[in-house]
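Here is structure_19.txt, consisting of compact mmCIF, C-alpha atoms:
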```
# COMPACT_ATOMS: atom_id res chain seq x y z
CA MET A 1 -5.81 -7.69 -8.60
CA ARG A 2 -4.18 -10.92 -9.58
CA HIS A 3 -0.70 -9.99 -8.49
CA LYS A 4 1.29 -7.30 -6.70
CA LEU A 5 2.16 -4.42 -9.02
CA TYR A 6 5.70 -3.19 -9.49
CA THR A 7 7.25 -0.14 -11.18
CA GLY A 8 7.37 -1.96 -14.53
CA SER A 9 3.68 -2.86 -14.25
CA PHE A 10 2.71 0.79 -13.73
CA ALA A 11 4.87 1.84 -16.68
CA TRP A 12 3.14 -0.77 -18.83
CA ILE A 13 -0.38 0.28 -17.77
CA ILE A 14 0.45 3.94 -18.48
CA GLN A 15 1.81 2.95 -21.92
CA ARG A 16 -1.29 0.90 -22.76
CA VAL A 17 -3.85 3.49 -21.64
CA SER A 18 -2.01 6.41 -23.26
CA GLY A 19 -1.63 4.38 -26.46
CA VAL A 20 -5.38 3.75 -26.69
CA LEU A 21 -6.15 7.42 -25.96
CA LEU A 22 -3.69 8.57 -28.64
CA ALA A 23 -5.20 6.18 -31.19
CA LEU A 24 -8.65 7.64 -30.43
CA PHE A 25 -7.30 11.16 -30.78
CA LEU A 26 -5.59 10.37 -34.10
CA THR A 27 -8.84 8.98 -35.50
CA LEU A 28 -10.71 12.15 -34.55
CA HIS A 29 -7.84 14.32 -35.79
CA LEU A 30 -7.68 12.66 -39.20
CA TYR A 31 -11.48 12.74 -39.51
CA PHE A 32 -11.64 16.51 -38.91
CA MET A 33 -8.62 17.22 -41.11
CA LYS A 34 -10.12 15.24 -43.98
CA ASN A 35 -13.39 17.15 -43.80
CA ILE A 36 -12.02 20.69 -43.95
CA ASN A 37 -13.55 22.35 -47.02
CA GLY A 38 -11.61 25.38 -48.13
CA PRO A 39 -10.64 28.48 -46.15
CA LEU A 40 -14.08 28.87 -44.55
CA GLY A 41 -14.03 25.40 -43.12
CA TYR A 42 -10.55 26.08 -41.81
CA GLN A 43 -11.78 29.28 -40.18
CA SER A 44 -14.56 27.49 -38.35
CA ILE A 45 -12.23 24.79 -37.06
CA ALA A 46 -9.67 27.41 -36.02
CA GLY A 47 -12.46 29.22 -34.15
CA MET A 48 -13.41 26.03 -32.38
CA MET A 49 -9.84 25.62 -31.17
CA LYS A 50 -10.23 28.76 -29.02
CA ASN A 51 -12.95 27.09 -26.94
CA PRO A 52 -11.63 26.68 -23.34
CA LEU A 53 -12.91 23.12 -23.28
CA ILE A 54 -10.83 22.27 -26.35
CA LYS A 55 -7.83 24.05 -24.78
CA PHE A 56 -8.24 21.86 -21.72
CA GLY A 57 -8.48 18.79 -23.95
CA GLU A 58 -5.28 19.83 -25.71
CA THR A 59 -3.53 20.03 -22.33
CA ILE A 60 -4.65 16.50 -21.52
CA LEU A 61 -3.48 15.41 -24.98
CA LEU A 62 -0.06 16.91 -24.31
CA MET A 63 0.20 14.99 -21.02
CA VAL A 64 -0.85 11.74 -22.65
CA ALA A 65 1.55 12.22 -25.57
CA ALA A 66 4.41 13.12 -23.19
CA ALA A 67 3.70 10.00 -21.12
CA HIS A 68 3.59 7.75 -24.18
CA THR A 69 6.74 9.24 -25.73
CA LEU A 70 8.97 9.26 -22.65
CA ASN A 71 7.77 5.87 -21.46
CA GLY A 72 8.26 4.55 -25.00
CA ILE A 73 11.84 5.83 -25.08
CA ARG A 74 12.42 3.99 -21.78
CA ILE A 75 11.20 0.71 -23.25
CA VAL A 76 13.20 1.19 -26.47
CA LEU A 77 16.38 1.81 -24.44
CA LEU A 78 15.75 -1.26 -22.27
CA GLU A 79 15.00 -3.54 -25.20
CA ALA A 80 18.00 -2.15 -27.09
CA GLY A 81 20.23 -3.40 -24.31
CA ALA A 82 20.14 -0.99 -21.35
CA PRO A 83 20.75 -3.10 -18.21
CA THR A 84 17.77 -4.13 -16.07
CA ARG A 85 19.13 -2.19 -13.08
CA PHE A 86 18.20 0.99 -14.99
CA GLN A 87 14.56 0.04 -15.53
CA LYS A 88 13.29 1.73 -12.36
CA PRO A 89 15.55 4.84 -12.51
CA LEU A 90 14.54 5.25 -16.17
CA PHE A 91 10.86 5.12 -15.18
CA TYR A 92 11.38 7.77 -12.50
CA LEU A 93 13.26 9.91 -15.02
CA ALA A 94 10.42 9.52 -17.53
CA ALA A 95 7.85 10.35 -14.82
CA LEU A 96 9.79 13.51 -13.92
CA GLY A 97 9.90 14.49 -17.60
CA ILE A 98 6.14 13.90 -17.91
CA VAL A 99 5.41 16.10 -14.88
CA VAL A 100 7.70 18.92 -16.10
CA LEU A 101 6.29 18.83 -19.66
CA SER A 102 2.71 18.69 -18.35
CA ILE A 103 3.13 21.67 -16.02
CA THR A 104 4.99 23.89 -18.49
CA GLY A 105 2.66 22.82 -21.32
CA ALA A 106 -0.48 23.44 -19.27
CA TYR A 107 0.82 26.85 -18.22
CA SER A 108 1.47 28.02 -21.77
CA LEU A 109 -1.64 26.39 -23.31
CA LEU A 110 -4.03 27.70 -20.69
CA GLY A 111 -3.10 31.34 -21.02
CA GLY A 112 0.15 31.86 -19.16
CA ARG A 113 3.48 32.45 -20.89
CA ILE A 114 6.89 30.92 -20.23
CA MET B 15 7.80 -18.81 19.32
CA GLU B 16 5.23 -16.34 18.14
CA GLN B 17 1.66 -16.55 16.89
CA TYR B 18 1.12 -16.08 13.20
CA ILE B 19 -2.06 -16.16 11.14
CA LEU B 20 -1.93 -17.92 7.80
CA LYS B 21 -4.90 -16.99 5.64
CA ILE B 22 -5.10 -19.65 2.96
CA LYS B 23 -7.30 -19.74 -0.14
CA ARG B 24 -8.73 -23.24 -0.25
CA PHE B 25 -10.67 -25.19 -2.83
CA ASP B 26 -11.84 -28.77 -2.69
CA PRO B 27 -13.36 -29.75 -6.04
CA GLU B 28 -15.47 -32.44 -4.31
CA LYS B 29 -17.06 -30.07 -1.76
CA ASP B 30 -16.65 -26.46 -2.84
CA ARG B 31 -18.29 -24.66 -5.72
CA LYS B 32 -15.83 -21.79 -5.47
CA PRO B 33 -12.65 -21.07 -3.49
CA ARG B 34 -13.01 -20.11 0.18
CA TRP B 35 -10.65 -18.49 2.69
CA GLU B 36 -9.58 -20.20 5.87
CA LYS B 37 -7.47 -18.76 8.68
CA PHE B 38 -5.02 -20.84 10.70
CA ARG B 39 -3.36 -19.63 13.89
CA ILE B 40 0.01 -21.27 14.41
CA GLU B 41 3.12 -20.86 16.52
CA MET B 42 6.27 -20.29 14.51
CA GLU B 43 9.82 -19.08 14.97
CA PHE B 44 10.67 -15.95 12.96
CA THR B 45 13.37 -18.00 11.28
CA ASP B 46 10.82 -20.55 10.02
CA ARG B 47 9.78 -20.63 6.39
CA VAL B 48 6.23 -20.30 5.08
CA LEU B 49 6.46 -23.96 4.04
CA ASP B 50 7.08 -24.92 7.69
CA GLY B 51 3.75 -23.26 8.44
CA PHE B 52 1.98 -25.42 5.83
CA ILE B 53 3.55 -28.57 7.26
CA LYS B 54 2.55 -27.59 10.81
CA ILE B 55 -1.05 -27.02 9.73
CA LYS B 56 -1.20 -30.31 7.86
CA ASP B 57 0.34 -32.22 10.78
CA ALA B 58 -1.57 -30.69 13.67
CA ILE B 59 -4.65 -28.76 12.55
CA ASP B 60 -6.10 -29.87 9.23
CA GLY B 61 -4.74 -32.89 7.40
CA SER B 62 -6.76 -32.05 4.32
CA LEU B 63 -4.68 -28.97 3.48
CA THR B 64 -3.14 -29.78 0.10
CA PHE B 65 0.10 -28.37 -1.23
CA ARG B 66 3.11 -29.49 -3.23
CA ARG B 67 6.56 -29.75 -1.75
CA SER B 68 9.50 -31.88 -2.56
CA CYS B 69 13.04 -30.76 -1.81
CA ALA B 70 12.12 -27.85 0.50
CA HIS B 71 15.43 -26.20 -0.35
CA GLY B 72 14.63 -23.99 -3.32
CA ILE B 73 15.79 -26.42 -5.99
CA CYS B 74 12.78 -28.40 -7.19
CA GLY B 75 10.34 -25.50 -7.60
CA SER B 76 7.34 -27.52 -6.40
CA CYS B 77 6.15 -25.27 -3.59
CA ALA B 78 5.62 -22.08 -5.62
CA VAL B 79 2.53 -20.23 -4.32
CA LYS B 80 1.35 -16.64 -4.09
CA ILE B 81 2.48 -15.17 -0.75
CA ASN B 82 1.03 -11.75 0.15
CA GLY B 83 0.22 -11.07 -3.50
CA LYS B 84 3.59 -12.13 -4.84
CA SER B 85 4.53 -15.42 -6.49
CA GLY B 86 7.38 -17.14 -4.68
CA LEU B 87 8.69 -20.37 -3.21
CA ALA B 88 7.16 -21.22 0.18
CA CYS B 89 10.41 -22.95 1.14
CA GLN B 90 12.47 -19.87 0.40
CA THR B 91 10.27 -17.25 2.09
CA ILE B 92 11.32 -16.71 5.70
CA ILE B 93 8.63 -15.53 8.12
CA LYS B 94 10.68 -12.54 9.28
CA ASP B 95 10.82 -11.24 5.71
CA VAL B 96 7.05 -10.97 5.26
CA PRO B 97 5.26 -8.00 6.86
CA PRO B 98 3.83 -8.78 10.32
CA GLY B 99 0.16 -9.66 10.64
CA GLU B 100 -1.73 -12.07 8.43
CA ILE B 101 0.22 -13.94 5.80
CA VAL B 102 -2.06 -14.39 2.80
CA ILE B 103 -1.44 -17.54 0.77
CA GLU B 104 -3.05 -18.33 -2.60
CA PRO B 105 -2.33 -20.78 -5.39
CA LEU B 106 -0.27 -19.43 -8.30
CA PRO B 107 -2.38 -17.10 -10.45
CA ALA B 108 -3.11 -17.96 -14.11
CA PHE B 109 -2.79 -21.71 -13.51
CA PRO B 110 -5.94 -23.86 -13.10
CA VAL B 111 -6.41 -24.90 -9.45
CA ILE B 112 -6.68 -28.64 -8.76
CA LYS B 113 -7.05 -28.53 -4.99
CA ASP B 114 -6.11 -25.89 -2.38
CA LEU B 115 -2.59 -24.73 -3.31
CA VAL B 116 -1.98 -27.37 -5.97
CA VAL B 117 -2.28 -26.05 -9.52
CA ASP B 118 -2.23 -27.80 -12.88
CA ILE B 119 1.29 -27.12 -14.09
CA GLU B 120 0.90 -29.20 -17.27
CA PRO B 121 0.00 -26.30 -19.64
CA PHE B 122 3.10 -24.50 -18.36
CA PHE B 123 5.33 -27.52 -18.97
CA GLY B 124 3.72 -27.94 -22.40
CA LYS B 125 4.89 -24.44 -23.30
CA ASN B 126 8.38 -25.31 -22.15
CA ARG B 127 8.31 -28.31 -24.49
CA GLU B 128 7.36 -25.96 -27.32
CA ALA B 129 10.75 -24.30 -26.82
CA MET B 130 12.49 -27.67 -27.50
CA PRO B 131 14.36 -27.93 -24.19
CA TYR B 132 17.03 -30.33 -25.39
CA LEU B 133 20.35 -30.10 -27.23
CA ILE B 134 20.09 -30.52 -30.99
CA ASN B 135 23.37 -31.33 -32.69
CA ASN B 136 23.62 -33.78 -35.57
CA GLU B 137 27.40 -33.64 -35.84
CA PRO B 138 29.05 -36.89 -34.78
CA PRO B 139 29.86 -36.74 -31.08
CA PRO B 140 33.53 -36.43 -30.14
CA GLU B 141 35.26 -39.22 -28.29
CA LEU B 142 34.64 -37.82 -24.81
CA GLU B 143 32.18 -34.94 -24.67
CA ARG B 144 31.12 -31.77 -26.48
CA LEU B 145 33.35 -29.16 -24.90
CA GLN B 146 32.49 -25.57 -24.09
CA SER B 147 34.85 -22.78 -23.09
CA PRO B 148 34.24 -20.89 -19.80
CA GLU B 149 33.40 -17.77 -21.86
CA GLU B 150 30.80 -19.68 -23.84
CA GLN B 151 29.34 -21.07 -20.65
CA GLU B 152 29.19 -17.62 -19.11
CA LYS B 153 26.61 -16.64 -21.77
CA ILE B 154 24.08 -19.21 -20.58
CA LEU B 155 25.10 -19.40 -16.93
CA GLN B 156 22.09 -17.45 -15.61
CA SER B 157 19.54 -19.13 -17.86
CA ILE B 158 20.54 -22.66 -16.81
CA THR B 159 19.70 -21.92 -13.17
CA CYS B 160 15.94 -21.86 -13.95
CA ILE B 161 14.07 -24.41 -11.80
CA MET B 162 10.75 -24.12 -13.71
CA CYS B 163 8.70 -23.24 -10.64
CA GLY B 164 6.28 -21.10 -12.66
CA CYS B 165 6.60 -17.93 -10.56
CA CYS B 166 7.59 -15.86 -13.62
CA ALA B 167 4.74 -16.98 -15.86
CA SER B 168 2.14 -16.65 -13.10
CA SER B 169 3.18 -13.05 -12.38
CA CYS B 170 3.25 -11.95 -16.05
CA PRO B 171 0.27 -9.83 -17.24
CA SER B 172 0.83 -10.99 -20.84
CA TYR B 173 0.59 -14.60 -19.64
CA TRP B 174 -2.71 -13.89 -17.85
CA ALA B 175 -4.21 -12.30 -20.93
CA ASP B 176 -2.96 -14.66 -23.64
CA LYS B 177 -3.58 -18.33 -23.01
CA GLU B 178 -1.28 -19.26 -25.90
CA TYR B 179 1.65 -17.08 -24.85
CA MET B 180 4.73 -19.22 -24.27
CA GLY B 181 5.69 -17.23 -21.19
CA PRO B 182 8.98 -16.07 -19.70
CA SER B 183 10.20 -19.50 -18.60
CA ALA B 184 9.82 -21.13 -22.03
CA LEU B 185 11.51 -18.17 -23.72
CA LEU B 186 14.36 -18.39 -21.21
CA LYS B 187 14.64 -22.08 -22.03
CA ALA B 188 14.85 -21.18 -25.73
CA TYR B 189 17.59 -18.65 -24.92
CA ARG B 190 19.49 -21.29 -22.99
CA PHE B 191 19.81 -23.47 -26.10
CA ILE B 192 20.05 -20.73 -28.73
CA MET B 193 23.09 -19.24 -26.98
CA ASP B 194 24.59 -22.66 -26.24
CA SER B 195 27.76 -23.01 -28.33
CA ARG B 196 27.10 -26.77 -28.74
CA ASP B 197 23.62 -26.41 -30.22
CA ARG B 198 23.06 -26.37 -34.00
CA ALA B 199 19.33 -25.70 -34.36
CA LEU B 200 19.30 -21.89 -34.35
CA GLU B 201 16.87 -21.56 -37.31
CA GLU B 202 14.40 -24.06 -35.91
CA ARG B 203 14.53 -22.52 -32.46
CA MET B 204 14.10 -18.96 -33.71
CA ASN B 205 11.08 -20.08 -35.76
CA SER B 206 9.55 -21.67 -32.68
CA ILE B 207 9.73 -18.45 -30.64
CA ALA B 208 9.65 -15.50 -33.08
CA LYS B 209 5.89 -15.62 -33.49
CA PRO B 210 2.96 -13.55 -32.19
CA HIS B 211 2.33 -15.79 -29.16
CA GLY B 212 6.03 -16.08 -28.46
CA LEU B 213 8.75 -13.47 -28.25
CA TRP B 214 6.58 -10.52 -29.28
CA ARG B 215 4.07 -10.96 -26.45
CA CYS B 216 6.72 -9.89 -23.94
CA HIS B 217 6.17 -6.20 -23.22
CA SER B 218 9.11 -5.82 -20.84
CA ILE B 219 6.97 -5.42 -17.73
CA TYR B 220 9.69 -6.94 -15.51
CA ASN B 221 7.28 -8.74 -13.13
CA CYS B 222 9.13 -12.00 -13.86
CA VAL B 223 12.43 -10.46 -12.77
CA GLU B 224 10.81 -9.13 -9.58
CA VAL B 225 9.56 -12.57 -8.50
CA CYS B 226 12.14 -15.07 -9.84
CA PRO B 227 13.40 -17.02 -6.79
CA LYS B 228 16.65 -17.71 -8.61
CA GLU B 229 17.08 -13.98 -9.38
CA ILE B 230 17.40 -14.54 -13.12
CA ASP B 231 17.28 -11.38 -15.23
CA ILE B 232 14.65 -12.95 -17.51
CA THR B 233 13.48 -9.81 -19.34
CA SER B 234 16.97 -8.90 -20.53
CA HIS B 235 17.45 -12.46 -21.82
CA ILE B 236 14.19 -12.15 -23.78
CA ALA B 237 15.30 -8.71 -25.04
CA LYS B 238 18.49 -10.33 -26.38
CA LEU B 239 16.35 -12.86 -28.28
CA LYS B 240 14.23 -10.01 -29.67
CA ARG B 241 17.35 -8.25 -30.95
CA LEU B 242 18.61 -11.49 -32.47
CA ALA B 243 15.26 -12.06 -34.22
CA VAL B 244 15.29 -8.52 -35.65
CA LYS B 245 18.90 -8.90 -36.77
CA LYS B 246 18.15 -12.18 -38.55
CA LYS B 247 15.08 -10.73 -40.26
CA LEU B 248 16.96 -7.63 -41.38
CA SER B 249 19.96 -9.57 -42.70
CA GLY B 250 17.58 -11.79 -44.67
CA PHE B 251 15.85 -8.68 -46.02
CA PHE B 252 19.10 -7.12 -47.26
CA LYS B 253 20.32 -10.34 -48.80
CA GLY B 254 17.03 -10.42 -50.70
```
Hey, can you dump this file as structure tokens for me?
Amino acid sequence: MRHKLYTGSFAWIIQRVSGVLLALFLTLHLYFMKNINGPLGYQSIAGMMKNPLIKFGETILLMVAAAHTLNGIRIVLLEAGAPTRFQKPLFYLAALGIVVLSITGAYSLLGGRI
Amino acid sequence: MEQYILKIKRFDPEKDRKPRWEKFRIEMEFTDRVLDGFIKIKDAIDGSLTFRRSCAHGICGSCAVKINGKSGLACQTIIKDVPPGEIVIEPLPAFPVIKDLVVDIEPFFGKNREAMPYLINNEPPPELERLQSPEEQEKILQSITCIMCGCCASSCPSYWADKEYMGPSALLKAYRFIMDSRDRALEERMNSIAKPHGLWRCHSIYNCVEVCPKEIDITSHIAKLKRLAVKKKLSGFFKG
């Protein structure tokens, strides 16, 4: 490591990694959506979505999207003029939001109900 | 007096192929500064230890090094404030090393020159001086305290990754003149920073704010410039 990491550095790394993962997902998503041929094709894709592995992937996707969204809102607020003293509290708030969304999302996606 | 170990990353271009670590055991008071340690080593143990220092009072910015993984001024870091045990000293990251703790600061200064660090005003000068109200001065008060030590740039991940990035210090310098009520070169200055390797390389990581020895809120200054750039672009767009 070239330098000590601080809260802002972690927020930035999370934003970068989640951004790359979301771009990969969107590419796959658009590819599959484009290649649906009629109701039968839709049926087969819908069937695939019931696969537990895909369900697990969707849970990860939710976590990544939550991280990117909440962290992104933090950066937008800061660059729109929120004072620097809020940068760390805002990160902790975003992290809390990510954890809550991930747990509730995982619970409902993986079979439980809320 | 207590014993301290200073672990210093050394490099002599005439002898070494790559940097090496050397440990020095020295007696220091807890009120001493890291720079005092360097001076003690140079005086009594190894005269070949090379480092920059000039004022030794946090004004010239010469003695910036990486102390325990964090960029900072050796003359402003008191021994009691660093965790006990070994104190690890390295040259500033992202700058080419010349010898031991001395880095080539020229590329960094070059980027500061890119930001045109001088007043531009073609109006005829008044009889005495160009006046500024206290309120107008308040706007640039923080940005004029920059001592150009290079701590901010060397701690910035964008600066490590992009060799052409102007860096926090140069952008702060641009801010200092853009917000100066006596300056008249707003267009020129905005054009020199609102470019891919300028303003938009700052990703608000806040490392510069964490390390700045003058405690300047650099990121929020850059954010103000970003907002100004967007505002100018949008107003131009609506005017057609």
Quiz item: When the cut-off is 9 Å and we count all atoms listed in the file, which residues of chain A are near chain B, given as a ChimeraX atom specification?
Solution: /A:1-12,75,78-84,87
Exercise. Excluding B:Gly212 and any residue of its chain fewer than 2 positions from it, enumerate the residues within 10 Å of it, using all atoms listed in the file, and give them as a list of chain:residue names.
Key: B:Lys125, B:Ala129, B:Glu178, B:Tyr179, B:Met180, B:Gly181, B:Pro182, B:Ala184, B:Leu185, B:Asn205, B:Ser206, B:Ile207, B:Ala208, B:Lys209, B:Pro210, B:Trp214, B:Arg215, B:Cys216
Quiz item: Nearest to B:Gly86: which of B:Ala188, B:Ile55, B:Ile230, B:Val48 is it, counting all atoms listed in the file?
Solution: B:Val48
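Here atom CA of B:Ser68 is placed at a distance of 11.3 Å from atom CA of B:Ala88.
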Quiz prompt | Test item: which residues lie within 12 Å of (7.9, 11.1, -15.1) counting all atoms listed in the file, as number ranges by chain | solution = A: 7, 10-11, 14, 63-64, 66-74, 88-103
Self-check item: Atom-to-atom span, atom CA of B:Glu16 and atom CA of B:Phe44, Å
Solution: 7.5 Å
Could you add N, CA and C atoms to stretch 2-28 of chain A and give me the result as a PDB file, in the coordinates of the input?
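Result written to rebuild-v7.pdb:
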```
ATOM      1  N   ARG A   2      -4.714  -9.559  -9.582  1.00  0.00           N
ATOM      2  CA  ARG A   2      -4.180 -10.920  -9.580  1.00  0.00           C
ATOM      3  C   ARG A   2      -2.817 -11.022  -8.930  1.00  0.00           C
ATOM      4  N   HIS A   3      -2.061  -9.938  -8.995  1.00  0.00           N
ATOM      5  CA  HIS A   3      -0.700  -9.990  -8.490  1.00  0.00           C
ATOM      6  C   HIS A   3      -0.268  -8.613  -8.045  1.00  0.00           C
ATOM      7  N   LYS A   4       0.720  -8.568  -7.145  1.00  0.00           N
ATOM      8  CA  LYS A   4       1.290  -7.300  -6.700  1.00  0.00           C
ATOM      9  C   LYS A   4       1.827  -6.528  -7.910  1.00  0.00           C
ATOM     10  N   LEU A   5       1.651  -5.210  -7.905  1.00  0.00           N
ATOM     11  CA  LEU A   5       2.160  -4.420  -9.020  1.00  0.00           C
ATOM     12  C   LEU A   5       3.521  -3.838  -8.687  1.00  0.00           C
ATOM     13  N   TYR A   6       4.376  -3.767  -9.686  1.00  0.00           N
ATOM     14  CA  TYR A   6       5.700  -3.190  -9.490  1.00  0.00           C
ATOM     15  C   TYR A   6       5.849  -2.006 -10.442  1.00  0.00           C
ATOM     16  N   THR A   7       7.002  -1.310 -10.336  1.00  0.00           N
ATOM     17  CA  THR A   7       7.250  -0.140 -11.180  1.00  0.00           C
ATOM     18  C   THR A   7       6.986  -0.449 -12.655  1.00  0.00           C
ATOM     19  N   GLY A   8       7.524  -1.588 -13.120  1.00  0.00           N
ATOM     20  CA  GLY A   8       7.370  -1.960 -14.530  1.00  0.00           C
ATOM     21  C   GLY A   8       5.910  -2.140 -14.909  1.00  0.00           C
ATOM     22  N   SER A   9       5.099  -2.660 -13.954  1.00  0.00           N
ATOM     23  CA  SER A   9       3.680  -2.860 -14.250  1.00  0.00           C
ATOM     24  C   SER A   9       2.985  -1.514 -14.452  1.00  0.00           C
ATOM     25  N   PHE A  10       3.331  -0.533 -13.595  1.00  0.00           N
ATOM     26  CA  PHE A  10       2.710   0.790 -13.730  1.00  0.00           C
ATOM     27  C   PHE A  10       3.099   1.409 -15.073  1.00  0.00           C
ATOM     28  N   ALA A  11       4.394   1.279 -15.411  1.00  0.00           N
ATOM     29  CA  ALA A  11       4.870   1.840 -16.680  1.00  0.00           C
ATOM     30  C   ALA A  11       4.093   1.232 -17.842  1.00  0.00           C
ATOM     31  N   TRP A  12       3.845  -0.069 -17.754  1.00  0.00           N
ATOM     32  CA  TRP A  12       3.140  -0.770 -18.830  1.00  0.00           C
ATOM     33  C   TRP A  12       1.685  -0.311 -18.927  1.00  0.00           C
ATOM     34  N   ILE A  13       1.029  -0.163 -17.760  1.00  0.00           N
ATOM     35  CA  ILE A  13      -0.380   0.280 -17.770  1.00  0.00           C
ATOM     36  C   ILE A  13      -0.474   1.687 -18.357  1.00  0.00           C
ATOM     37  N   ILE A  14       0.450   2.572 -17.950  1.00  0.00           N
ATOM     38  CA  ILE A  14       0.450   3.940 -18.480  1.00  0.00           C
ATOM     39  C   ILE A  14       0.611   3.896 -20.006  1.00  0.00           C
ATOM     40  N   GLN A  15       1.533   3.041 -20.475  1.00  0.00           N
ATOM     41  CA  GLN A  15       1.810   2.950 -21.920  1.00  0.00           C
ATOM     42  C   GLN A  15       0.578   2.452 -22.674  1.00  0.00           C
ATOM     43  N   ARG A  16      -0.096   1.460 -22.125  1.00  0.00           N
ATOM     44  CA  ARG A  16      -1.290   0.900 -22.760  1.00  0.00           C
ATOM     45  C   ARG A  16      -2.406   1.925 -22.866  1.00  0.00           C
ATOM     46  N   VAL A  17      -2.726   2.547 -21.695  1.00  0.00           N
ATOM     47  CA  VAL A  17      -3.850   3.490 -21.640  1.00  0.00           C
ATOM     48  C   VAL A  17      -3.567   4.692 -22.544  1.00  0.00           C
ATOM     49  N   SER A  18      -2.331   5.235 -22.441  1.00  0.00           N
ATOM     50  CA  SER A  18      -2.010   6.410 -23.260  1.00  0.00           C
ATOM     51  C   SER A  18      -2.035   6.045 -24.741  1.00  0.00           C
ATOM     52  N   GLY A  19      -1.625   4.832 -25.064  1.00  0.00           N
ATOM     53  CA  GLY A  19      -1.630   4.380 -26.460  1.00  0.00           C
ATOM     54  C   GLY A  19      -3.038   4.348 -27.026  1.00  0.00           C
ATOM     55  N   VAL A  20      -3.986   3.822 -26.241  1.00  0.00           N
ATOM     56  CA  VAL A  20      -5.380   3.750 -26.690  1.00  0.00           C
ATOM     57  C   VAL A  20      -5.954   5.160 -26.867  1.00  0.00           C
ATOM     58  N   LEU A  21      -5.648   6.037 -25.879  1.00  0.00           N
ATOM     59  CA  LEU A  21      -6.150   7.420 -25.960  1.00  0.00           C
ATOM     60  C   LEU A  21      -5.599   8.125 -27.197  1.00  0.00           C
ATOM     61  N   LEU A  22      -4.302   7.918 -27.483  1.00  0.00           N
ATOM     62  CA  LEU A  22      -3.690   8.570 -28.640  1.00  0.00           C
ATOM     63  C   LEU A  22      -4.285   8.046 -29.949  1.00  0.00           C
ATOM     64  N   ALA A  23      -4.589   6.749 -29.983  1.00  0.00           N
ATOM     65  CA  ALA A  23      -5.200   6.180 -31.190  1.00  0.00           C
ATOM     66  C   ALA A  23      -6.579   6.796 -31.418  1.00  0.00           C
ATOM     67  N   LEU A  24      -7.328   6.996 -30.322  1.00  0.00           N
ATOM     68  CA  LEU A  24      -8.650   7.640 -30.430  1.00  0.00           C
ATOM     69  C   LEU A  24      -8.500   9.064 -30.951  1.00  0.00           C
ATOM     70  N   PHE A  25      -7.523   9.778 -30.365  1.00  0.00           N
ATOM     71  CA  PHE A  25      -7.300  11.160 -30.780  1.00  0.00           C
ATOM     72  C   PHE A  25      -6.950  11.220 -32.266  1.00  0.00           C
ATOM     73  N   LEU A  26      -6.032  10.334 -32.692  1.00  0.00           N
ATOM     74  CA  LEU A  26      -5.590  10.370 -34.100  1.00  0.00           C
ATOM     75  C   LEU A  26      -6.756  10.133 -35.049  1.00  0.00           C
ATOM     76  N   THR A  27      -7.671   9.246 -34.664  1.00  0.00           N
ATOM     77  CA  THR A  27      -8.840   8.980 -35.500  1.00  0.00           C
ATOM     78  C   THR A  27      -9.674  10.257 -35.654  1.00  0.00           C
ATOM     79  N   LEU A  28      -9.940  10.900 -34.506  1.00  0.00           N
ATOM     80  CA  LEU A  28     -10.710  12.150 -34.550  1.00  0.00           C
ATOM     81  C   LEU A  28      -9.979  13.213 -35.376  1.00  0.00           C
TER      82      LEU A  28
END
```
